[in-house]
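Asker: Can you read through this structure? Questions will come right after.
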There are 2 protein chains.
Amino acid sequence: MVGREKGRRAGEPLAVRRTPTITDVARLAGVAVGTVSNVLNGTVPVGGERRERVLAAVAQLGYRPNMLAQSLRRRRSPVVGICVPRTSVAYFAALVEAFEEIASDGGYHVMHVLTHDAPELERQRVASLLRYHVGGVVLVPGAEPAPTLDMLAQSDTPVVVVDRTARGYGFDEVTFDNRAAMRDATERLIALGHRRLLFVVRRRKLVVTQQRIQGMREAVRRSGAEVSAEILECAAEGELGTRLALALTAAARPTAVIVSNSTFAAGAMRAIRALRLRCPDDVSLLAFDEPQWAELVSPSLSVVRQPTHDIARMAWELLMRRMRGGAEERQQVELKAQVVLRDSVARPPLQARNARRRKA
Amino acid sequence: MVGREKGRRAGEPLAVRRTPTITDVARLAGVAVGTVSNVLNGTVPVGGERRERVLAAVAQLGYRPNMLAQSLRRRRSPVVGICVPRTSVAYFAALVEAFEEIASDGGYHVMHVLTHDAPELERQRVASLLRYHVGGVVLVPGAEPAPTLDMLAQSDTPVVVVDRTARGYGFDEVTFDNRAAMRDATERLIALGHRRLLFVVRRRKLVVTQQRIQGMREAVRRSGAEVSAEILECAAEGELGTRLALALTAAARPTAVIVSNSTFAAGAMRAIRALRLRCPDDVSLLAFDEPQWAELVSPSLSVVRQPTHDIARMAWELLMRRMRGGAEERQQVELKAQVVLRDSVARPPLQARNARRRKA
DNA sequence: CTGAAAGCGCTTACAG
DNA sequence: CTGAAAGCGCTTACAG
C-alpha cells in the first residue's frame with residue numbers, strides 16, 4: 001500500500017516510489033493530462049513533437065493506466081465475470097479455462113466465481129460481480145436461478161447464459177441439446193438389450209436434468225419395449241456410494257447406470273468395484289461430461305462429449321456483440337453433443353435377459 | 001450500459017432505472033453523502049433516527065457501493081489475483097478452487113490468470129493484475145519469473161509465492177518439500193529393485209524440477225547401488241507419447257518412470273499401453289500430483305500427494321497478514337508431501353533384474 | 001489541436 | 001455528530 005503522503009506539492013520530488021499516474025506523465029512531458037489521455041487512447045489526434053514527449057514520459061515512468069479510475073470514468077470495464085457451479089467437474093473446468101484464454105487474447109480479464117448450485121450463493125456471487133461493474137457476465141445458472149437472473153436483467157449488464165437454458169429471460173444462450181443426447185444414449189442402451197435403466201443426477205430441478213429425463217423417456221416410449229427408467233437424485237457427493245449400493249443390490253437392479261457428470265462417474269466406478277460387481281458385465285456405465293481419464297480407466301468410460309471449446313467460443317462472441325452495444329436480437333445457440341460408447345457399456349448380463357424372458 | 005443521460009437535475013425523477021449511487025441514497029434519506037458512507041462503513045458513529053433513514057433508503061433502492069469507486073478512493077481493493085501456469089493440472093485446479101472458496105468466505109474476490117509457464121505471458125498477466133490495483137497477488141512462478149517478480153517487488157503489492165520458491169526475493173512463500181518427496185519416492189523404487197529410473201519433466205529449469213532432481217540424486221547416492229537416473233524434458237505435451245516410446249523401447253530402458261504432473265501421468269499410461277507394455281510388470285509409474293482418477297485406473301496410480309488445501313489456507317493467511325499491513329518478517333513455510341504407492345509401482349521385471357545380476 | 005475543468009462514485013479530513 | 005468539500009486517477013465535452 002502507498003504511504004499516506006498528504007499534500008504533496010507540484011514539482012516536489014517523490015519521497016516514496018509510487019505507481020506513476022497520468023498526472024506524473026503530464027508533468028514530465030509538459031502537457032495537460034487530457035493530452036496524455038488523448039495520445040494513449042487516440043481519442044483526438046495529437047501532434048508530432050508533443051506526442052513523442054508523452055510517449056517518452058510514459059516509457060520512462062513505466063506508466064500504466066489505473067483500470068479502476070478508467071473503468072469508473074468510462075462507465076464500462078474490460079472485466080467479464082464467469083460463474084460456474086464448481087470446477088471439480090471436468091466440463092466446467094475446461095469451460096473456464098477456454099474462456100480465460102479467449103478473454104485474455106481479446107484484452108479482457110476474467111473474474112471467476114463459484115456458485116455451488118446454491119441459489120443464495122449464486123445471487124451473492126453475481127451481486128459482487130455487479131458491484132465491480134463488470135462489462136459482462138457469463139453464467140451457468142444453478143437450480144433456482146430466478147433471483148440471479150432478475151438481478152442481472154435489472155442491472156443492464158450484457159449477459160450470456162451457458163449450458164443450462166434460462167427460459168423466460170431475454171438473454172443470449174449457448175447450450176447443447178441434452179434431450180437429443182440423452183435420447184441417443186438411451187436408444188443405444190435399449191438396443192443392446194438393457195431394460196432397467198438408472199439415471200443418477202445431482203439435482204433433479206436443473207433444467208438440463210429435466211431435458212435429459214425427457215430425452216430418456218422419449219427413447220423409452222419410441223422403443224416400444226417395456227423399459228423401466230428410474231431417477232436417483234443425489235445432491236451430496238458423499239452419499240453417492242451408499243445410494244448406489246442400495247440401488248445396485250435391489251432385486252430389480254438396473255443393468256445400466258447413466259450419471260450426470262464426471263465426478264459422479266468416478267464415484268460410480270468406485271461403488272461398483274466396492275460391491276464386487278463387474279462393469280460392464282454386471283452393469284453398464286455411461287457419463288455426461290468427458291474427463292481426462294475416460295480412456296485410462298478400465299473399462300474405459302462411455303461418455304456424452306460436450307463441445308466445450310465451441311461453447312466457450314460461441315458464448316464469447318455473443319457476449320462481445322452485446323458489450324459492443326446495439327439492441328440486437330436475442331440469440332439462442334444449441335450445439336450438438338456426441339455419445340461415445342466405450343468398454344463400460346455392453347449387453348446386459350444374461351440372467352437379467354433371461355429373467356425378462358421368463359417374465360414375458 | 002447506462003444510457004447517456006447528461007445533466008440530470010437534483011430531485012428530478014429518473015427516466016431510466018440506473019444502478020443507484022450513494023448520492024441517490026443521500027437524497028432519499030435527506031442526509032449528506034458522507035453520512036451515508038459513515039453509516040455503511042461505521043467509520044463515524046451515526047445517530048438513531050438518521051441512521052434508520054439511511055438504512056431504509058439503502059434497502060429501498062437496493063443500493064450497493066460501487067467497488068470501482070470505493071477501491072479507487074481507498075487505494076486498496078478487496079480483489080486478490082491468483083496466477084497459475086494452467087488449470088488442466090489437477091493440483092493447480094484444486095489450488096485455485098481452494099483459494100476461491102477461502103477468499104469468498106473472507107469477502108474477497110479472485111481474479112484468476114493463466115501464465116502457461118511462459119515468462120512473457122506471465123509478466124503481462126501480472127501487469128494486468130497490477131493495473132487493477134489488486135490488494136494482493138498469489139503467484140505460482142513459472143520457469144523464468146525474474147521480470148514478474150521484479151515488477152511485483154516494485155509495485156509494493158502484497159505477494160505470496162506458492163509451490164515454487166523464488167529465492168532472492170523477499171516474498172512470503174508456501175511450498176512443499178519436493179526434494180524430500182522425490183528422495184523418498186526414489187528410495188522406495190530402489191528398494192524394490194529398480195536400477196534404471198526415468199524422470200519426465202515439463203521444464204527442467206523450474207526450481208521444483210531442480211529440487212526433485214536433487215532429491216533423486218541424493219537417494220541414488222545414499223543407496224550405494226549402481227543406479228542410472230535419467231531426465232527427459234518434454235515441454236510440449238503432444239510430444240510425450242513419442243518421446244516416451246523412444247525411451248521405453250531403448251535397449252537399457254527404464255524400469256520405473258516418474259512424471260512431474262497428472263497430465264503427464266495420463267499421457268504416460270496411454271503411451272505404455274500403446275507400446276503393449278504392461279504396468280507395473282514391465283514398467284512402474286509414479287506421478288507427482290494426485291488426480292481424481294488415481295485410484296480408478298488400473299493399475300491404480302502411485303503418486304506424490306501434495307497438501308493442496310493446507311497450501312491454499314497457509315498462503316491465504318500469509319497474504320492477509322501482509323494486506324493488513326505491518327512490516328512483518330518474511331515467512332517461508334514448507335509443507336510435507338506424501339508418497340502414496342499403489343498398483344502402478346512394483347518390482348522391476350525379472351529380465352532386468354537378471355541382466356543386472358549377470359552383469360554384476 | 002490544446003488546456004482547463006467537470007465529473008465518474010466513493011471516502012475522509014476539516015470546520016462547525 | 002453533521003455537512004460541505006477535496007481528492008482518488010482517469011475521460012470527455014467545452015472553450016480557445
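Labels for the C-alpha cells follow display order: chains A, B, ..., residues from 1 in each chain, ligands from 1.
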Which polymer residues have any atom within 6 Å of an atom of Phe288 of chain A, counting only C-alpha atoms (C1' of nucleotides), with same-chain residues fewer than 4 positions away left out, as a list in words?
Answerer: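 That gives Ser260, Asn261, Val303 and Val304 of chain A.
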Asker: Restricting the output to C-alpha atoms, write the selected residues as a PDB file, in the first residue's frame.
Answerer:
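And here's out.pdb as it stands now:
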ATOM      1  CA  SER A 260     -24.756 -36.663 -14.869  1.00  0.00           C
ATOM      2  CA  ASN A 261     -21.114 -35.693 -14.599  1.00  0.00           C
ATOM      3  CA  VAL A 303     -19.484 -40.594 -22.270  1.00  0.00           C
ATOM      4  CA  VAL A 304     -21.596 -37.862 -23.721  1.00  0.00           C
TER       5      VAL A 304
END
Asker: Using only C-alpha atoms (C1' of nucleotides), what table do you get, as CSV, when you list each residue of chain D with an atom no more than 12 Å from chain B, its nearest pair of atoms, and their distance in Å rounded to one decimal, rows by chain then rising number?
Answerer:
residue,atom,partner,partner_atom,distance
D:DC1,C1',B:Val46,CA,6.8
D:DT2,C1',B:Thr35,CA,7.6
D:DG3,C1',B:Ala32,CA,6.2
D:DA4,C1',B:Ala32,CA,8.7
D:DA5,C1',B:Gly34,CA,10.6
D:DA6,C1',B:Arg73,CA,11.9
D:DG7,C1',B:Arg73,CA,8.2
D:DC8,C1',B:Arg73,CA,4.4
D:DG9,C1',B:Leu72,CA,7.8
D:DC10,C1',B:Leu72,CA,10.2
D:DA13,C1',B:Lys6,CA,11.0
Asker: Those selected residues, please, written with C-alpha atoms (C1' of nucleotides) and delivered as a PDB file, in the first residue's frame.
Answerer:
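See again22.pdb below for the written result:
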ATOM      1  C1'  DC D   1     -22.332  14.083  15.484  1.00  0.00           C
ATOM      2  C1'  DT D   2     -23.030  16.562  10.732  1.00  0.00           C
ATOM      3  C1'  DG D   3     -22.329  18.786   6.163  1.00  0.00           C
ATOM      4  C1'  DA D   4     -19.505  20.720   2.632  1.00  0.00           C
ATOM      5  C1'  DA D   5     -15.511  19.970   0.188  1.00  0.00           C
ATOM      6  C1'  DA D   6     -11.351  17.949  -1.518  1.00  0.00           C
ATOM      7  C1'  DG D   7      -9.498  14.307  -3.948  1.00  0.00           C
ATOM      8  C1'  DC D   8      -8.571   9.142  -5.771  1.00  0.00           C
ATOM      9  C1'  DG D   9      -6.938   8.807 -11.399  1.00  0.00           C
ATOM     10  C1'  DC D  10      -8.944   8.905 -15.095  1.00  0.00           C
ATOM     11  C1'  DA D  13     -17.230  17.755 -23.680  1.00  0.00           C
TER      12       DA D  13
END
Asker: Would you mind listing, as a PDB file with C-alpha atoms, in the first residue's frame, all residues of chain B that have at least one atom within 8 Å of chain A, where only C-alpha atoms are what counts?
Answerer:
ATOM      1  CA  MET B   1     -24.506   0.045 -20.209  1.00  0.00           C
ATOM      2  CA  VAL B   2     -26.212   3.026 -18.668  1.00  0.00           C
ATOM      3  CA  ARG B  18     -29.930   3.149 -13.195  1.00  0.00           C
ATOM      4  CA  THR B  19     -27.861   1.457 -10.571  1.00  0.00           C
ATOM      5  CA  ARG B  64     -24.667  -1.472  -3.264  1.00  0.00           C
ATOM      6  CA  PRO B  65     -21.435   0.514  -3.205  1.00  0.00           C
ATOM      7  CA  ASN B  66     -19.552   0.739  -6.477  1.00  0.00           C
ATOM      8  CA  MET B  67     -16.360  -1.173  -5.776  1.00  0.00           C
ATOM      9  CA  LEU B  68     -14.515   0.647  -8.515  1.00  0.00           C
ATOM     10  CA  ALA B  69     -15.067   3.995  -6.836  1.00  0.00           C
ATOM     11  CA  SER B  71     -11.243   0.924  -4.307  1.00  0.00           C
ATOM     12  CA  LEU B  72     -10.034   3.969  -6.191  1.00  0.00           C
ATOM     13  CA  ARG B  75      -6.395   2.975  -2.537  1.00  0.00           C
ATOM     14  CA  ARG B  76      -6.896  -0.665  -1.823  1.00  0.00           C
ATOM     15  CA  THR B  87      -5.654 -25.469 -14.660  1.00  0.00           C
ATOM     16  CA  SER B  88      -5.542 -28.688 -16.626  1.00  0.00           C
ATOM     17  CA  ALA B  93      -7.108 -26.595 -10.350  1.00  0.00           C
ATOM     18  CA  ALA B  94      -7.528 -27.712  -6.763  1.00  0.00           C
ATOM     19  CA  GLU B  97     -10.671 -23.756  -6.219  1.00  0.00           C
ATOM     20  CA  GLU B 100     -11.614 -19.050  -4.490  1.00  0.00           C
ATOM     21  CA  GLU B 101     -13.552 -20.510  -1.595  1.00  0.00           C
ATOM     22  CA  HIS B 109     -12.679 -11.719  -4.783  1.00  0.00           C
ATOM     23  CA  VAL B 110     -10.316 -13.543  -7.001  1.00  0.00           C
ATOM     24  CA  MET B 111      -9.010 -12.576 -10.384  1.00  0.00           C
ATOM     25  CA  HIS B 112      -7.586 -15.624 -11.978  1.00  0.00           C
ATOM     26  CA  VAL B 113      -4.978 -15.594 -14.711  1.00  0.00           C
ATOM     27  CA  LEU B 114      -3.075 -18.339 -16.527  1.00  0.00           C
ATOM     28  CA  ARG B 131      -3.311  -2.206 -13.257  1.00  0.00           C
ATOM     29  CA  TYR B 132      -6.408  -3.199 -11.359  1.00  0.00           C
ATOM     30  CA  HIS B 133      -4.545  -2.396  -8.190  1.00  0.00           C
ATOM     31  CA  SER B 155       4.676  -2.393  -7.102  1.00  0.00           C
ATOM     32  CA  ASP B 156       4.595  -2.726  -3.344  1.00  0.00           C
ATOM     33  CA  THR B 157       1.683  -5.142  -3.633  1.00  0.00           C
ATOM     34  CA  ALA B 266      -2.296 -39.782 -18.200  1.00  0.00           C
ATOM     35  CA  MET B 269      -0.280 -44.533 -19.204  1.00  0.00           C
ATOM     36  CA  ARG B 270      -1.513 -44.125 -22.736  1.00  0.00           C
ATOM     37  CA  GLN B 292      -9.224 -37.509  -9.086  1.00  0.00           C
ATOM     38  CA  TRP B 293      -8.770 -40.666 -11.123  1.00  0.00           C
ATOM     39  CA  LEU B 296      -9.802 -45.545 -10.759  1.00  0.00           C
ATOM     40  CA  VAL B 297      -7.312 -46.503 -13.384  1.00  0.00           C
ATOM     41  CA  SER B 298      -5.773 -49.896 -13.483  1.00  0.00           C
ATOM     42  CA  GLY B 325      -0.149  -4.086   6.723  1.00  0.00           C
TER      43      GLY B 325
END
Asker: In Å to one decimal, how far is atom CA of Val160 of chain B from atom CA of Pro307 of chain B?
Answerer: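 Atom-to-atom, atom CA of Pro307 of chain B and atom CA of Val160 of chain B are spaced 16.9 Å apart.
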Asker: Rounded to one decimal, what separation in Å do you get between atom CA of Pro119 of chain A and atom CA of Val174 of chain A?
Answerer: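 Separation of atom CA of Pro119 of chain A and atom CA of Val174 of chain A: 20.9 Å.
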Asker: Find the residues around segment 205-214 of chain A up to 9 Å (only C-alpha atoms (C1' of nucleotides) counted), leave out those fewer than 5 positions away in its own chain, and share them as a list in words.
Answerer: Pro141, Gly142, Ala143, Glu144, Asp163, Arg164, Thr165, Ala166, Asp177, Asn178, Arg179, Ala180, Ala181, Met182, Arg183, Phe199, Ala219, Ile231 and Ser260 of chain A
Asker: Could you please write out, as an NGL selection string, every residue of segment 152-323 of chain A that DSSP assigns to strand (DSSP E)?
Answerer: :A and (159-162 or 172-176 or 196-201 or 228-233 or 256-259 or 284-288 or 302-305)
Asker: Now that the selection is made, can you save its residues with N, CA and C atoms as a short mmCIF file (atom, residue, chain, number, x, y, z; two decimals), in the first residue's frame?
Answerer:
data_model
loop_
_atom_site.label_atom_id
_atom_site.label_comp_id
_atom_site.auth_asym_id
_atom_site.auth_seq_id
_atom_site.Cartn_x
_atom_site.Cartn_y
_atom_site.Cartn_z
N VAL A 159 -25.19 -10.17 -20.76
CA VAL A 159 -25.15 -11.50 -20.16
C VAL A 159 -25.25 -12.56 -21.24
N VAL A 160 -24.52 -13.62 -21.07
CA VAL A 160 -24.82 -14.80 -21.87
C VAL A 160 -24.92 -16.01 -20.95
N VAL A 161 -26.02 -16.71 -21.13
CA VAL A 161 -26.30 -17.88 -20.30
C VAL A 161 -25.74 -19.10 -21.01
N VAL A 162 -25.01 -19.92 -20.26
CA VAL A 162 -24.33 -21.03 -20.89
C VAL A 162 -24.75 -22.35 -20.27
N ASP A 172 -29.03 -13.96 -24.29
CA ASP A 172 -28.42 -14.85 -25.27
C ASP A 172 -28.06 -16.15 -24.57
N GLU A 173 -28.11 -17.23 -25.32
CA GLU A 173 -27.82 -18.52 -24.71
C GLU A 173 -26.96 -19.41 -25.60
N VAL A 174 -26.10 -20.15 -24.98
CA VAL A 174 -25.37 -21.20 -25.69
C VAL A 174 -25.53 -22.48 -24.88
N THR A 175 -26.19 -23.42 -25.47
CA THR A 175 -26.42 -24.68 -24.76
C THR A 175 -26.09 -25.83 -25.72
N PHE A 176 -26.19 -27.02 -25.21
CA PHE A 176 -26.17 -28.13 -26.16
C PHE A 176 -27.41 -28.97 -25.95
N ARG A 196 -33.61 -52.10 -17.70
CA ARG A 196 -33.74 -51.38 -16.43
C ARG A 196 -32.62 -50.36 -16.34
N LEU A 197 -32.99 -49.10 -16.48
CA LEU A 197 -32.01 -48.01 -16.51
C LEU A 197 -32.10 -47.19 -15.24
N LEU A 198 -30.96 -46.66 -14.82
CA LEU A 198 -30.94 -45.76 -13.68
C LEU A 198 -30.16 -44.51 -14.07
N PHE A 199 -30.78 -43.37 -13.84
CA PHE A 199 -30.12 -42.10 -14.16
C PHE A 199 -29.83 -41.39 -12.84
N VAL A 200 -28.55 -41.18 -12.57
CA VAL A 200 -28.15 -40.55 -11.32
C VAL A 200 -27.85 -39.08 -11.56
N VAL A 201 -28.55 -38.21 -10.84
CA VAL A 201 -28.39 -36.77 -11.06
C VAL A 201 -28.06 -36.07 -9.76
N SER A 228 -37.89 -49.92 -17.67
CA SER A 228 -38.05 -49.06 -16.51
C SER A 228 -36.88 -48.09 -16.47
N ALA A 229 -37.20 -46.82 -16.26
CA ALA A 229 -36.15 -45.79 -16.23
C ALA A 229 -36.30 -45.01 -14.93
N GLU A 230 -35.44 -45.30 -13.99
CA GLU A 230 -35.54 -44.65 -12.68
C GLU A 230 -34.59 -43.47 -12.58
N ILE A 231 -34.94 -42.55 -11.70
CA ILE A 231 -34.06 -41.40 -11.44
C ILE A 231 -33.59 -41.50 -9.99
N LEU A 232 -32.32 -41.28 -9.78
CA LEU A 232 -31.80 -41.22 -8.42
C LEU A 232 -31.17 -39.85 -8.21
N GLU A 233 -31.72 -39.08 -7.28
CA GLU A 233 -31.16 -37.76 -7.02
C GLU A 233 -30.19 -37.86 -5.86
N ALA A 256 -28.02 -50.82 -16.41
CA ALA A 256 -27.22 -49.71 -16.95
C ALA A 256 -27.44 -48.47 -16.11
N VAL A 257 -26.34 -47.81 -15.79
CA VAL A 257 -26.39 -46.59 -15.00
C VAL A 257 -25.85 -45.43 -15.83
N ILE A 258 -26.59 -44.35 -15.83
CA ILE A 258 -26.13 -43.13 -16.50
C ILE A 258 -25.93 -42.08 -15.41
N VAL A 259 -24.80 -41.41 -15.42
CA VAL A 259 -24.56 -40.40 -14.39
C VAL A 259 -24.36 -39.05 -15.04
N SER A 284 -23.66 -51.70 -16.91
CA SER A 284 -23.03 -50.75 -17.83
C SER A 284 -23.03 -49.36 -17.21
N LEU A 285 -22.07 -48.54 -17.64
CA LEU A 285 -21.97 -47.19 -17.08
C LEU A 285 -21.70 -46.18 -18.20
N LEU A 286 -22.43 -45.09 -18.13
CA LEU A 286 -22.25 -44.03 -19.13
C LEU A 286 -22.37 -42.69 -18.42
N ALA A 287 -21.51 -41.74 -18.78
CA ALA A 287 -21.49 -40.47 -18.06
C ALA A 287 -21.62 -39.28 -19.01
N PHE A 288 -22.35 -38.28 -18.57
CA PHE A 288 -22.26 -36.99 -19.24
C PHE A 288 -20.93 -36.36 -18.82
N SER A 302 -17.65 -44.77 -21.12
CA SER A 302 -18.52 -44.25 -22.18
C SER A 302 -19.06 -42.89 -21.74
N VAL A 303 -19.11 -41.95 -22.67
CA VAL A 303 -19.48 -40.59 -22.27
C VAL A 303 -20.38 -39.90 -23.30
N VAL A 304 -21.02 -38.85 -22.83
CA VAL A 304 -21.60 -37.86 -23.72
C VAL A 304 -20.60 -36.72 -23.75
N ARG A 305 -20.03 -36.48 -24.90
CA ARG A 305 -18.95 -35.50 -25.01
C ARG A 305 -19.52 -34.15 -25.42
#
Asker: One number please: atom CA of Val54 of chain A to atom CA of Val36 of chain A, in Å, one decimal.
Answerer: 6.2 Å
Asker: Write out as an MDAnalysis selection string all residues of segment 176-264 of chain A that backbone DSSP assigns to helix (DSSP H, G or I).
Answerer: chainID A and resid 178:191 207:223 237:249 262:264
Asker: Kindly save the residues from that selection, with N, CA and C atoms included, as a tab-separated table (two decimals), in the first residue's frame.
Answerer:
chain	number	residue	atom	x	y	z
A	178	ASN	N	-29.28	-31.43	-24.74
A	178	ASN	CA	-29.25	-32.50	-23.75
A	178	ASN	C	-30.29	-33.58	-24.03
A	179	ARG	N	-31.42	-33.12	-24.50
A	179	ARG	CA	-32.51	-34.05	-24.74
A	179	ARG	C	-32.13	-35.04	-25.84
A	180	ALA	N	-31.61	-34.51	-26.92
A	180	ALA	CA	-31.23	-35.39	-28.03
A	180	ALA	C	-30.09	-36.31	-27.61
A	181	ALA	N	-29.15	-35.77	-26.85
A	181	ALA	CA	-28.01	-36.59	-26.44
A	181	ALA	C	-28.48	-37.75	-25.57
A	182	MET	N	-29.37	-37.44	-24.64
A	182	MET	CA	-29.86	-38.48	-23.74
A	182	MET	C	-30.72	-39.48	-24.50
A	183	ARG	N	-31.49	-38.99	-25.44
A	183	ARG	CA	-32.34	-39.88	-26.23
A	183	ARG	C	-31.45	-40.86	-26.98
A	184	ASP	N	-30.44	-40.31	-27.59
A	184	ASP	CA	-29.50	-41.13	-28.34
A	184	ASP	C	-28.85	-42.19	-27.45
A	185	ALA	N	-28.37	-41.73	-26.30
A	185	ALA	CA	-27.71	-42.65	-25.38
A	185	ALA	C	-28.67	-43.76	-24.94
A	186	THR	N	-29.87	-43.36	-24.58
A	186	THR	CA	-30.85	-44.34	-24.10
A	186	THR	C	-31.20	-45.35	-25.19
A	187	GLU	N	-31.40	-44.83	-26.39
A	187	GLU	CA	-31.73	-45.73	-27.50
A	187	GLU	C	-30.65	-46.79	-27.69
A	188	ARG	N	-29.43	-46.36	-27.56
A	188	ARG	CA	-28.34	-47.32	-27.77
A	188	ARG	C	-28.28	-48.34	-26.66
A	189	LEU	N	-28.58	-47.92	-25.45
A	189	LEU	CA	-28.62	-48.88	-24.34
A	189	LEU	C	-29.76	-49.88	-24.54
A	190	ILE	N	-30.90	-49.38	-24.94
A	190	ILE	CA	-32.05	-50.26	-25.16
A	190	ILE	C	-31.75	-51.25	-26.29
A	191	ALA	N	-31.11	-50.73	-27.32
A	191	ALA	CA	-30.78	-51.60	-28.46
A	191	ALA	C	-29.85	-52.73	-28.03
A	207	VAL	N	-32.66	-27.50	-15.16
A	207	VAL	CA	-33.27	-27.59	-16.48
A	207	VAL	C	-32.62	-28.70	-17.30
A	208	VAL	N	-31.30	-28.76	-17.26
A	208	VAL	CA	-30.63	-29.79	-18.07
A	208	VAL	C	-31.05	-31.18	-17.63
A	209	THR	N	-31.23	-31.36	-16.34
A	209	THR	CA	-31.67	-32.67	-15.86
A	209	THR	C	-33.04	-33.00	-16.42
A	210	GLN	N	-33.93	-32.02	-16.36
A	210	GLN	CA	-35.28	-32.22	-16.90
A	210	GLN	C	-35.22	-32.60	-18.38
A	211	GLN	N	-34.37	-31.90	-19.10
A	211	GLN	CA	-34.27	-32.19	-20.53
A	211	GLN	C	-33.75	-33.60	-20.77
A	212	ARG	N	-32.80	-33.98	-19.96
A	212	ARG	CA	-32.24	-35.31	-20.14
A	212	ARG	C	-33.29	-36.38	-19.81
A	213	ILE	N	-34.04	-36.12	-18.76
A	213	ILE	CA	-35.09	-37.08	-18.40
A	213	ILE	C	-36.11	-37.18	-19.53
A	214	GLN	N	-36.47	-36.06	-20.09
A	214	GLN	CA	-37.37	-36.08	-21.25
A	214	GLN	C	-36.81	-36.94	-22.37
A	215	GLY	N	-35.55	-36.71	-22.67
A	215	GLY	CA	-34.92	-37.47	-23.75
A	215	GLY	C	-34.96	-38.96	-23.45
A	216	MET	N	-34.71	-39.29	-22.19
A	216	MET	CA	-34.72	-40.70	-21.81
A	216	MET	C	-36.11	-41.29	-22.00
A	217	ARG	N	-37.11	-40.57	-21.55
A	217	ARG	CA	-38.49	-41.06	-21.66
A	217	ARG	C	-38.91	-41.20	-23.11
A	218	GLU	N	-38.50	-40.24	-23.91
A	218	GLU	CA	-38.82	-40.31	-25.34
A	218	GLU	C	-38.26	-41.58	-25.96
A	219	ALA	N	-37.01	-41.85	-25.62
A	219	ALA	CA	-36.37	-43.03	-26.20
A	219	ALA	C	-37.09	-44.29	-25.75
A	220	VAL	N	-37.48	-44.32	-24.48
A	220	VAL	CA	-38.19	-45.48	-23.94
A	220	VAL	C	-39.51	-45.67	-24.70
A	221	ARG	N	-40.23	-44.57	-24.83
A	221	ARG	CA	-41.54	-44.63	-25.50
A	221	ARG	C	-41.37	-45.15	-26.93
A	222	ARG	N	-40.43	-44.53	-27.63
A	222	ARG	CA	-40.24	-44.90	-29.02
A	222	ARG	C	-39.86	-46.35	-29.19
A	223	SER	N	-39.13	-46.88	-28.24
A	223	SER	CA	-38.63	-48.24	-28.39
A	223	SER	C	-39.77	-49.26	-28.38
A	237	GLU	N	-22.40	-35.38	-2.73
A	237	GLU	CA	-21.48	-36.29	-3.40
A	237	GLU	C	-21.11	-37.48	-2.52
A	238	GLY	N	-20.95	-37.21	-1.24
A	238	GLY	CA	-20.51	-38.25	-0.33
A	238	GLY	C	-21.50	-39.40	-0.20
A	239	GLU	N	-22.76	-39.11	-0.49
A	239	GLU	CA	-23.78	-40.15	-0.33
A	239	GLU	C	-23.87	-41.09	-1.52
A	240	LEU	N	-23.21	-40.70	-2.59
A	240	LEU	CA	-23.38	-41.45	-3.83
A	240	LEU	C	-23.13	-42.94	-3.64
A	241	GLY	N	-22.04	-43.27	-2.93
A	241	GLY	CA	-21.69	-44.67	-2.75
A	241	GLY	C	-22.81	-45.47	-2.12
A	242	THR	N	-23.33	-44.98	-1.01
A	242	THR	CA	-24.40	-45.69	-0.30
A	242	THR	C	-25.65	-45.82	-1.16
A	243	ARG	N	-26.03	-44.70	-1.77
A	243	ARG	CA	-27.25	-44.69	-2.57
A	243	ARG	C	-27.14	-45.67	-3.72
A	244	LEU	N	-26.01	-45.67	-4.36
A	244	LEU	CA	-25.82	-46.57	-5.50
A	244	LEU	C	-25.78	-48.01	-5.03
A	245	ALA	N	-25.15	-48.24	-3.88
A	245	ALA	CA	-25.06	-49.59	-3.36
A	245	ALA	C	-26.46	-50.16	-3.15
A	246	LEU	N	-27.34	-49.35	-2.58
A	246	LEU	CA	-28.72	-49.78	-2.38
A	246	LEU	C	-29.38	-50.13	-3.71
A	247	ALA	N	-29.23	-49.22	-4.65
A	247	ALA	CA	-29.89	-49.41	-5.94
A	247	ALA	C	-29.37	-50.66	-6.66
A	248	LEU	N	-28.05	-50.87	-6.55
A	248	LEU	CA	-27.44	-51.95	-7.34
A	248	LEU	C	-27.58	-53.33	-6.69
A	249	THR	N	-28.06	-53.36	-5.45
A	249	THR	CA	-28.24	-54.66	-4.81
A	249	THR	C	-29.73	-55.00	-4.69
A	262	SER	N	-18.73	-36.08	-14.47
A	262	SER	CA	-17.54	-36.93	-14.35
A	262	SER	C	-17.20	-37.26	-12.90
A	263	THR	N	-17.56	-36.38	-11.98
A	263	THR	CA	-17.31	-36.69	-10.58
A	263	THR	C	-18.17	-37.87	-10.14
A	264	PHE	N	-19.40	-37.86	-10.57
A	264	PHE	CA	-20.29	-39.00	-10.29
A	264	PHE	C	-19.77	-40.26	-10.98
